[in-house]
$ cat data-v6.txt   # compact mmCIF, C-alpha atoms
# COMPACT_ATOMS: atom_id res chain seq x y z
CA MET W 1199 64.97 109.78 83.35
CA ASN W 1200 61.86 110.53 85.36
CA GLN W 1201 62.73 110.99 89.01
CA ASN W 1202 59.51 112.58 90.23
CA GLY W 1203 58.53 109.63 92.41
CA PRO W 1204 60.63 108.20 95.24
CA PHE W 1205 60.69 104.63 93.93
CA LEU W 1206 62.57 103.11 91.04
CA THR W 1207 60.33 102.00 88.17
CA ALA W 1208 60.70 99.24 85.58
CA ALA W 1209 61.20 101.83 82.81
CA GLU W 1210 64.17 103.30 84.68
CA LEU W 1211 65.74 99.96 85.58
CA PRO W 1212 67.87 99.53 82.40
CA GLU W 1213 69.43 102.96 82.90
CA ILE W 1214 70.71 102.38 86.41
CA ARG W 1215 74.46 101.87 86.68
CA ASP W 1216 74.95 101.29 90.43
CA PHE W 1217 72.83 99.49 93.03
CA TYR W 1218 73.29 99.15 96.79
CA LEU W 1219 71.14 96.40 98.27
CA PRO W 1220 70.91 94.87 101.76
CA LEU W 1221 71.76 91.17 101.62
CA ASN W 1222 69.53 88.68 103.42
CA ASN W 1223 68.43 85.10 102.87
CA ASP W 1224 64.80 85.97 103.57
CA LEU W 1225 63.33 88.81 101.51
CA HIS W 1226 60.30 88.89 103.81
CA ASP W 1227 62.38 89.45 106.93
CA GLU W 1228 60.91 92.60 108.51
CA SER W 1229 64.27 93.55 109.98
CA ILE W 1230 65.79 94.18 106.54
CA GLU W 1231 66.63 97.84 106.05
CA TRP W 1232 64.90 98.22 102.71
CA PHE W 1233 65.26 101.99 102.91
CA SER W 1234 68.99 101.37 102.26
CA ALA W 1235 68.24 99.69 98.90
CA ARG W 1236 69.41 102.46 96.58
CA ALA W 1237 69.98 103.06 92.89
CA PHE W 1238 72.39 105.66 91.52
CA THR W 1239 72.14 107.18 88.07
CA GLY W 1240 75.47 109.03 88.11
CA SER W 1241 74.40 111.93 90.31
CA SER W 1242 74.67 112.16 94.09
CA ARG W 1243 70.91 111.73 94.58
CA SER W 1244 69.87 108.10 94.90
CA ARG W 1245 66.49 106.47 94.27
CA LEU W 1246 64.71 103.95 96.45
CA ALA W 1247 65.27 100.61 94.71
CA PHE W 1248 62.71 98.72 96.78
CA GLY W 1249 59.07 99.41 96.02
CA LYS W 1250 55.92 97.93 94.55
CA ASP W 1251 56.99 97.66 90.92
CA ALA W 1252 56.88 93.95 90.05
CA GLU W 1253 59.76 94.08 87.55
CA VAL W 1254 62.01 95.95 89.98
CA MET W 1255 61.20 93.45 92.72
CA ARG W 1256 61.95 90.59 90.33
CA PHE W 1257 65.36 92.15 89.70
CA ILE W 1258 66.03 92.51 93.44
CA ARG W 1259 65.06 88.89 94.14
CA GLU W 1260 67.32 87.63 91.36
CA ALA W 1261 70.15 89.88 92.59
CA GLN W 1262 69.78 88.51 96.12
CA LYS W 1263 69.77 84.96 94.81
CA GLU W 1264 72.92 85.40 92.73
CA CYS W 1265 74.81 87.35 95.38
CA LEU W 1266 73.97 84.93 98.18
CA GLN W 1267 75.66 82.16 96.23
CA HIS W 1268 78.91 84.09 96.65
CA ALA W 1269 78.17 85.44 100.13
CA ASN W 1270 78.54 81.98 101.64
CA THR W 1271 81.95 81.43 100.05
CA ILE W 1272 85.29 83.21 100.30
CA HIS W 1273 84.49 85.21 97.15
CA ASP W 1274 83.15 88.67 97.94
CA THR W 1275 83.89 90.11 94.48
CA ALA W 1276 82.69 88.55 91.24
CA ARG W 1277 81.25 89.11 87.78
CA ILE W 1278 77.64 87.90 87.80
CA SER W 1279 74.54 87.87 85.58
CA ILE W 1280 71.11 89.10 86.71
CA LEU W 1281 68.20 88.83 84.27
CA ASP W 1282 70.60 88.67 81.32
CA GLN W 1283 72.49 91.76 82.49
CA VAL W 1284 76.11 91.64 83.68
CA PHE W 1285 77.26 93.21 86.95
CA ARG W 1286 80.40 93.48 89.02
CA MET W 1287 79.42 92.45 92.53
CA GLN W 1288 81.10 93.54 95.76
CA ILE W 1289 79.79 92.23 99.08
CA VAL W 1290 80.31 94.59 101.99
CA ASN W 1291 80.30 93.39 105.61
CA ARG W 1292 78.90 96.16 107.77
CA THR W 1293 78.53 96.68 111.50
CA GLU W 1294 76.29 94.50 113.69
CA ASN W 1295 76.57 91.52 111.29
CA ARG W 1296 74.74 93.34 108.49
CA ARG W 1297 75.71 92.79 104.89
CA SER W 1298 75.13 94.78 101.72
CA VAL W 1299 76.06 94.32 98.09
CA HIS W 1300 77.21 96.89 95.56
CA LEU W 1301 76.35 96.11 91.93
CA ARG W 1302 77.99 97.97 89.04
CA ARG W 1303 76.41 97.30 85.64
CA ILE W 1304 78.86 96.16 82.96
CA PRO W 1305 77.98 96.27 79.25
CA LYS W 1306 78.13 92.90 77.52
CA ILE W 1307 80.34 94.15 74.70
CA VAL W 1308 83.63 96.02 74.54
CA PRO W 1309 82.84 99.38 72.92
CA THR W 1310 85.17 101.22 70.61
CA LEU W 1311 86.86 104.24 72.14
CA GLU W 1312 84.59 106.44 70.04
CA GLU W 1313 81.47 104.64 71.31
CA ALA W 1314 82.77 105.05 74.87
CA GLY W 1315 82.86 108.82 74.38
CA VAL W 1316 86.64 109.26 74.23
CA GLY W 1317 87.73 112.39 72.37
CA LEU W 1318 89.48 112.27 68.98
CA ALA W 1319 93.00 113.20 70.15
CA MET W 1320 93.04 110.77 73.07
CA ARG W 1321 91.74 107.83 71.05
CA GLU W 1322 94.18 108.47 68.19
CA ILE W 1323 97.08 108.46 70.65
CA LEU W 1324 95.82 105.27 72.30
CA MET W 1325 95.49 103.56 68.90
CA SER W 1326 98.80 104.90 67.57
CA GLU W 1327 101.38 102.59 66.02
CA ASN W 1328 103.99 104.50 68.04
CA LEU W 1329 102.99 102.44 71.07
CA VAL W 1330 103.61 99.04 69.45
CA LYS W 1331 107.17 98.82 70.81
CA GLY W 1332 106.00 99.22 74.39
CA GLY W 1333 105.93 101.70 77.23
CA LEU W 1334 103.51 102.70 79.99
CA VAL W 1335 100.02 104.15 79.57
CA LEU W 1336 98.20 105.11 82.78
CA ILE W 1337 94.45 105.73 82.89
CA THR W 1338 93.58 107.49 86.12
CA GLY W 1339 90.59 109.03 87.85
CA THR W 1340 88.25 108.50 90.77
CA ASN W 1341 85.72 105.67 91.19
CA GLY W 1342 83.22 105.05 88.41
CA GLN W 1343 84.78 107.32 85.77
CA GLY W 1344 85.15 104.76 82.97
CA LYS W 1345 88.78 103.75 83.55
CA THR W 1346 88.15 100.03 82.98
CA THR W 1347 86.07 100.83 79.88
CA VAL W 1348 88.94 102.76 78.31
CA LEU W 1349 91.46 100.07 79.32
CA SER W 1350 89.39 97.27 77.77
CA ALA W 1351 88.50 99.22 74.63
CA THR W 1352 92.13 100.19 74.06
CA ILE W 1353 93.43 96.64 74.33
CA VAL W 1354 90.70 94.97 72.25
CA HIS W 1355 90.76 97.53 69.45
CA ARG W 1356 94.56 97.77 69.34
CA LEU W 1357 94.54 93.99 68.78
CA LYS W 1358 92.07 94.44 65.94
CA ARG W 1359 94.18 97.19 64.36
CA HIS W 1360 97.73 96.02 65.05
CA GLY W 1361 97.44 92.33 65.97
CA GLY W 1362 99.73 90.93 68.66
CA ALA W 1363 98.99 89.38 72.04
CA ALA W 1364 97.59 90.82 75.24
CA GLN W 1365 97.07 89.60 78.77
CA MET W 1366 94.82 91.31 81.28
CA ILE W 1367 95.03 90.98 85.06
CA GLU W 1368 91.80 91.99 86.81
CA ASP W 1369 89.90 91.47 90.05
CA PRO W 1370 87.38 90.47 88.82
CA SER W 1371 87.50 90.32 85.01
CA GLU W 1372 84.80 92.68 83.75
CA TYR W 1373 84.48 93.23 80.01
CA PRO W 1374 84.54 90.18 77.67
CA CYS W 1375 88.06 90.75 76.33
CA ASP W 1376 89.22 87.13 76.38
CA GLY W 1377 89.60 85.58 72.94
CA VAL W 1378 90.60 86.42 69.37
CA HIS W 1379 90.25 89.98 68.06
CA GLY W 1380 91.20 90.38 64.42
CA ASP W 1381 94.72 88.97 64.12
CA GLY W 1382 95.38 89.40 67.84
CA VAL W 1383 94.52 87.40 70.92
CA CYS W 1384 93.77 88.38 74.52
CA LEU W 1385 93.95 86.23 77.64
CA GLN W 1386 92.15 87.45 80.77
CA LEU W 1387 93.59 86.23 84.06
CA PRO W 1388 91.35 86.86 87.06
CA VAL W 1389 92.95 87.33 90.45
CA SER W 1390 91.42 84.40 92.32
CA SER W 1391 92.04 82.64 95.62
CA ASP W 1392 90.89 79.44 93.87
CA ILE W 1393 94.06 79.52 91.75
CA PRO W 1394 97.20 79.57 93.96
CA SER W 1395 99.38 80.94 91.16
CA GLN W 1396 96.90 83.81 90.60
CA SER W 1397 95.84 84.56 94.16
CA THR W 1398 97.32 88.09 94.11
CA TYR W 1399 97.98 90.72 91.46
CA GLU W 1400 101.71 90.11 91.84
CA SER W 1401 101.45 86.34 91.34
CA ALA W 1402 99.04 86.69 88.40
CA LEU W 1403 101.39 89.20 86.76
CA ARG W 1404 104.39 86.91 87.15
CA LYS W 1405 102.41 84.02 85.71
CA SER W 1406 101.24 86.08 82.73
CA LEU W 1407 104.78 87.08 81.76
CA ARG W 1408 105.67 83.44 81.08
CA ALA W 1409 102.87 83.12 78.52
CA PHE W 1410 103.75 85.86 76.05
CA PRO W 1411 104.74 84.87 72.52
CA ALA W 1412 108.05 85.90 70.97
CA ILE W 1413 107.13 88.74 68.58
CA SER W 1414 109.84 90.65 66.74
CA GLY W 1415 109.34 94.41 66.71
CA GLY W 1416 106.90 94.51 69.62
CA GLY W 1417 103.18 93.85 69.81
CA THR W 1418 102.62 92.48 73.30
CA MET W 1419 100.35 94.24 75.79
CA LEU W 1420 99.83 93.84 79.50
CA GLY W 1421 96.58 95.21 80.94
CA ILE W 1422 96.41 95.79 84.70
CA GLY W 1423 92.95 96.35 86.15
CA ASP W 1424 94.15 98.46 89.05
CA ILE W 1425 97.55 99.42 90.44
CA ARG W 1426 96.95 99.47 94.17
CA ASP W 1427 99.99 97.92 95.85
CA LYS W 1428 103.76 98.29 95.77
CA GLU W 1429 104.45 95.00 93.97
CA THR W 1430 102.04 95.74 91.11
CA ALA W 1431 103.37 99.29 90.74
CA ALA W 1432 106.96 98.03 90.56
CA GLU W 1433 106.10 95.28 88.05
CA ALA W 1434 104.19 97.72 85.82
CA LEU W 1435 107.21 100.03 85.65
CA LYS W 1436 109.64 97.17 85.00
CA GLN W 1437 107.60 95.47 82.28
CA SER W 1438 106.93 98.74 80.45
CA GLY W 1439 110.70 98.82 79.84
CA ASN W 1440 110.84 95.21 78.66
CA GLY W 1441 109.06 95.73 75.34
CA HIS W 1442 105.49 95.31 76.58
CA LEU W 1443 102.90 98.05 76.24
CA VAL W 1444 101.59 98.21 79.80
CA ILE W 1445 98.15 99.82 80.03
CA ALA W 1446 96.98 100.18 83.62
CA THR W 1447 94.30 101.94 85.62
CA MET W 1448 94.99 103.79 88.85
CA HIS W 1449 93.07 105.93 91.27
CA GLY W 1450 94.08 109.55 91.38
CA GLN W 1451 92.38 112.94 91.28
CA THR W 1452 95.06 114.62 89.15
CA ILE W 1453 97.90 113.57 86.87
CA PRO W 1454 100.67 114.80 89.22
CA GLN W 1455 98.99 113.01 92.14
CA ALA W 1456 98.82 109.73 90.20
CA LEU W 1457 102.45 110.01 89.07
CA ASP W 1458 103.57 110.65 92.64
CA ARG W 1459 101.46 107.71 93.84
CA ILE W 1460 102.94 105.14 91.46
CA VAL W 1461 106.48 106.27 92.30
CA THR W 1462 105.76 106.17 96.04
CA MET W 1463 104.37 102.63 95.83
CA ALA W 1464 107.06 101.28 93.50
CA SER W 1465 109.82 102.86 95.57
CA GLU W 1466 109.14 100.41 98.40
CA VAL W 1467 110.32 97.64 96.06
CA LEU W 1468 112.69 99.36 93.64
CA GLY W 1469 113.95 102.36 95.57
CA THR W 1470 113.01 105.93 94.68
CA ASN W 1471 115.77 106.55 92.13
CA GLN W 1472 115.04 103.36 90.18
CA ALA W 1473 111.27 103.97 90.26
CA ARG W 1474 111.67 107.53 88.94
CA MET W 1475 114.15 106.41 86.28
CA LEU W 1476 111.79 103.72 84.98
CA LEU W 1477 108.85 106.13 84.95
CA ALA W 1478 110.87 108.79 83.13
CA SER W 1479 112.13 106.29 80.54
CA ASN W 1480 108.91 104.42 79.84
CA LEU W 1481 105.86 106.64 80.41
CA ARG W 1482 104.12 107.28 77.10
CA MET W 1483 100.80 108.77 78.21
CA ILE W 1484 98.80 109.39 81.34
CA GLY W 1485 95.18 110.51 81.28
CA ASN W 1486 93.05 111.66 84.16
CA GLN W 1487 89.41 111.28 83.23
CA SER W 1488 85.84 111.74 84.37
CA LEU W 1489 82.49 110.90 82.83
CA VAL W 1490 80.17 113.72 81.85
CA LYS W 1491 76.71 113.70 80.31
CA SER W 1492 76.78 114.35 76.57
CA MET W 1493 74.71 117.29 75.38
CA THR W 1494 74.18 115.53 72.05
CA PRO W 1495 73.84 111.74 72.46
CA ARG W 1496 75.90 109.85 69.89
CA GLN W 1497 74.80 107.30 67.33
CA VAL W 1498 76.08 103.94 68.56
CA SER W 1499 75.22 100.30 67.96
CA ASP W 1500 72.40 98.71 69.96
CA GLU W 1501 74.97 96.70 71.91
CA ALA W 1502 76.72 99.90 72.95
CA SER W 1503 73.57 101.87 73.79
CA TRP W 1504 74.73 102.14 77.40
CA PHE W 1505 77.37 104.66 76.28
CA ARG W 1506 75.10 106.85 74.15
CA SER W 1507 74.87 109.72 76.63
CA ALA W 1508 78.29 109.51 78.29
CA GLU W 1509 81.47 111.32 77.33
CA VAL W 1510 84.99 111.02 78.70
CA SER W 1511 86.38 114.36 79.78
CA ALA W 1512 90.13 113.92 80.15
CA MET W 1513 93.30 115.85 80.89
CA LEU W 1514 96.28 114.23 79.18
CA LEU W 1515 100.05 114.25 79.46
CA PHE W 1516 101.85 112.72 76.48
CA ALA W 1517 105.53 111.90 76.87
CA ASN W 1518 107.42 111.53 73.58
CA GLU W 1519 110.42 109.18 73.70
CA SER W 1520 112.70 111.92 72.37
CA ASP W 1521 111.42 114.65 74.70
CA SER W 1522 114.41 115.11 77.01
CA GLY W 1523 112.77 117.95 78.92
CA MET W 1524 109.73 115.85 79.81
CA ARG W 1525 111.92 112.89 80.76
CA ALA W 1526 113.96 115.10 83.07
CA ALA W 1527 110.83 116.51 84.73
CA LEU W 1528 109.47 112.99 85.33
CA GLY W 1529 112.83 111.74 86.59
CA HIS W 1530 113.16 114.55 89.11
CA GLY W 1531 109.49 114.65 90.06
CA ASP W 1532 109.36 118.31 88.98
CA GLN W 1533 105.67 119.05 89.66
CA MET W 1534 105.83 122.59 88.29
CA ALA W 1535 107.31 121.50 84.96
CA ILE W 1536 104.84 118.62 84.66
CA GLU W 1537 101.84 120.87 85.31
CA LYS W 1538 103.18 123.43 82.83
CA ALA W 1539 103.49 120.72 80.16
CA ILE W 1540 99.95 119.49 80.84
CA LEU W 1541 98.52 122.98 80.30
CA LYS W 1542 100.51 123.56 77.11
CA GLN W 1543 99.58 120.18 75.69
CA SER W 1544 95.91 120.67 76.55
CA GLU W 1545 95.78 123.67 74.20
CA ILE W 1546 97.09 121.56 71.32
CA LEU W 1547 94.89 118.58 72.11
CA GLY W 1548 91.78 120.74 72.47
CA SER W 1549 92.23 122.38 69.08
CA TRP W 1550 93.27 119.28 67.12
CA THR W 1551 90.64 118.29 64.57
CA GLY W 1552 92.39 115.41 62.86
CA GLY W 1553 95.19 114.60 60.48
CA PRO W 1554 98.28 112.39 60.73
CA ILE W 1555 98.83 111.33 64.33
CA SER W 1556 102.60 111.70 63.78
CA GLY W 1557 102.08 115.45 63.39
CA LEU W 1558 100.16 115.69 66.66
CA ILE W 1559 102.77 113.65 68.51
CA LYS W 1560 105.53 115.88 67.14
CA GLN W 1561 103.72 118.99 68.40
CA LEU W 1562 103.17 117.49 71.84
CA GLY W 1563 106.83 116.57 72.15
CA SER W 1564 108.23 119.97 71.19
CA LEU W 1565 107.01 122.05 74.12
CA GLN W 1566 109.96 121.86 76.47
$ encode --input "data-v6.txt" --output "structure tokens"
Amino acid sequence: MNQNGPFLTAAELPEIRDFYLPLNNDLHDESIEWFSARAFTGSSRSRLAFGKDAEVMRFIREAQKECLQHANTIHDTARISILDQVFRMQIVNRTENRRSVHLRRIPKIVPTLEEAGVGLAMREILMSENLVKGGLVLITGTNGQGKTTVLSATIVHRLKRHGGAAQMIEDPSEYPCDGVHGDGVCLQLPVSSDIPSQSTYESALRKSLRAFPAISGGGTMLGIGDIRDKETAAEALKQSGNGHLVIATMHGQTIPQALDRIVTMASEVLGTNQARMLLASNLRMIGNQSLVKSMTPRQVSDEASWFRSAEVSAMLLFANESDSGMRAALGHGDQMAIEKAILKQSEILGSWTGGPISGLIKQLGSLQ
């Protein structure tokens, strides 16, 4: 991407992932802080998004128009379309009655895990038949590191491979996961104040649990867009022990930090001992990931071109059901043992080049 000039150009527009724009009914209002209209490409250096380029200005006008429709309602977060592109919108109320909007571009298709840049070992574990009977998979990381992409890709492509039924709770719903995928089906439930029974994550989760089919041998999945409160953390732990494969995203800079966070939140509802016991019994995998620029862009479909230059760099912890040492470490919150297992497993995962996934899982579960 050419960043020699200070202003965003039409050629660069399709490559921008994040926009910050001031929000105002009148684009010609001289008091608008257009210097705060910024575009981010993934690095810390932003570009000026407001300039003289006609196509860029057309985008900004359309963005203002779409966002203002939500700004005058109670909805400050939504999934919107701007010039045939999909964005997650977040309106931010600032000081002195100023408003801005953050736009995060969302691809219009759900990529495969390979297209999303997920490494071989991680994607084989996420697609494994071993997870059909349920358990907890946590996808963690900081903002903008592809957590929702991996969540959506895992659910949609597990349905295509294994069938079954999935429900996803999100605020707002991002990727187009709703519908039939192979022999499986996914229902997306947005958290929305317009729907009293889905006005919070907790209420939407409780509602979703009444709509699962009876499937012998497992095959139901529950996707949680973000664990950020005590009720959601507690419900995720409980349902992962009830036969559902719970796949959830969470913020966290490291695996031990994320594990401690979910226990801390869930403990307010379940108590510490119960929260740790459920985590120890039901955790199957936790990954802490970040996006990095690929040195060799991959061949992907036109619909997935957004992912061509991005790779997921992840540190994983896999917890085999029969691994008593790992279960004990999780149950006692033994940070030293957990970190030791992560390092040992990373050596195996980094050198694995393929083969039966059962063999990899056996290796990962024999380290304690």
$ residues_around --input "data-v6.txt" --residues "Lys1538 in chain W" --least-positions-apart "6" --cutoff "12 Å" --atoms "all atoms listed in the file" --output "PyMOL selection string"
chain W and resi 1453-1454+1515+1523-1524+1527+1532+1544-1545+1565-1566
$ residues_around --input "data-v6.txt" --residues "Pro1374 in chain W" --least-positions-apart "4" --cutoff "8 Å" --atoms "all atoms listed in the file" --output "PyMOL selection string"
chain W and resi 1306-1308
$ closest_residue --input "data-v6.txt" --among "W:Pro1204, W:Gly1441, W:Gly1382, W:Gly1469" --to "Lys1250 in chain W" --atoms "all atoms listed in the file"
W:Pro1204
$ residues_around --input "data-v6.txt" --residues "Gly1415 in chain W" --least-positions-apart "2" --cutoff "7 Å" --atoms "only C-alpha atoms" --output "ChimeraX atom specification"
/W:1331,1413,1417
$ closest_residue --input "data-v6.txt" --among "W:Ser1479, W:Gln1288, W:Thr1275, W:Gln1451" --to "Gln1437 in chain W" --atoms "all atoms listed in the file"
W:Ser1479
$ residues_around --input "data-v6.txt" --residues "Lys1560 in chain W" --least-positions-apart "3" --cutoff "12 Å" --atoms "all atoms listed in the file" --output "number ranges by chain"
W: 1323, 1328, 1516-1521, 1543, 1546, 1554-1557, 1563-1566
$ residues_around --input "data-v6.txt" --residues "Asn1440 in chain W" --least-positions-apart "4" --cutoff "10 Å" --atoms "all atoms listed in the file" --output "JSON, numbers by chain"
{"W": [1331, 1332, 1333, 1416, 1435, 1436, 1444, 1480]}
$ atom_distance --input "data-v6.txt" --atom1 "CA of His1268 in chain W" --atom2 "CA of Gly1344 in chain W"
25.6 Å
$ closest_residue --input "data-v6.txt" --among "W:Gly1361, W:Lys1345, W:Leu1481, W:Ser1406" --to "Gly1423 in chain W" --atoms "all atoms listed in the file"
W:Lys1345
$ atom_distance --input "data-v6.txt" --atom1 "CA of Arg1259 in chain W" --atom2 "CA of Arg1236 in chain W"
14.5 Å
$ closest_atom_pairs --input "data-v6.txt" --of "range 1341-1396 of chain W" --to "range 1486-1490 of chain W" --cutoff "12 Å" --atoms "all atoms listed in the file" --output "Markdown table"
| residue | atom | partner | partner_atom | distance |
| --- | --- | --- | --- | --- |
| W:Asn1341 | CA | W:Ser1488 | CA | 9.1 |
| W:Gly1342 | CA | W:Leu1489 | CA | 8.1 |
| W:Gln1343 | CA | W:Ser1488 | CA | 4.8 |
| W:Gly1344 | CA | W:Leu1489 | CA | 6.7 |
| W:Lys1345 | CA | W:Gln1487 | CA | 7.6 |
| W:Thr1346 | CA | W:Gln1487 | CA | 11.3 |
| W:Thr1347 | CA | W:Leu1489 | CA | 11.1 |
| W:Val1348 | CA | W:Gln1487 | CA | 9.8 |
$ atom_distance --input "data-v6.txt" --atom1 "CA of Ala1431 in chain W" --atom2 "CA of Arg1302 in chain W"
25.5 Å
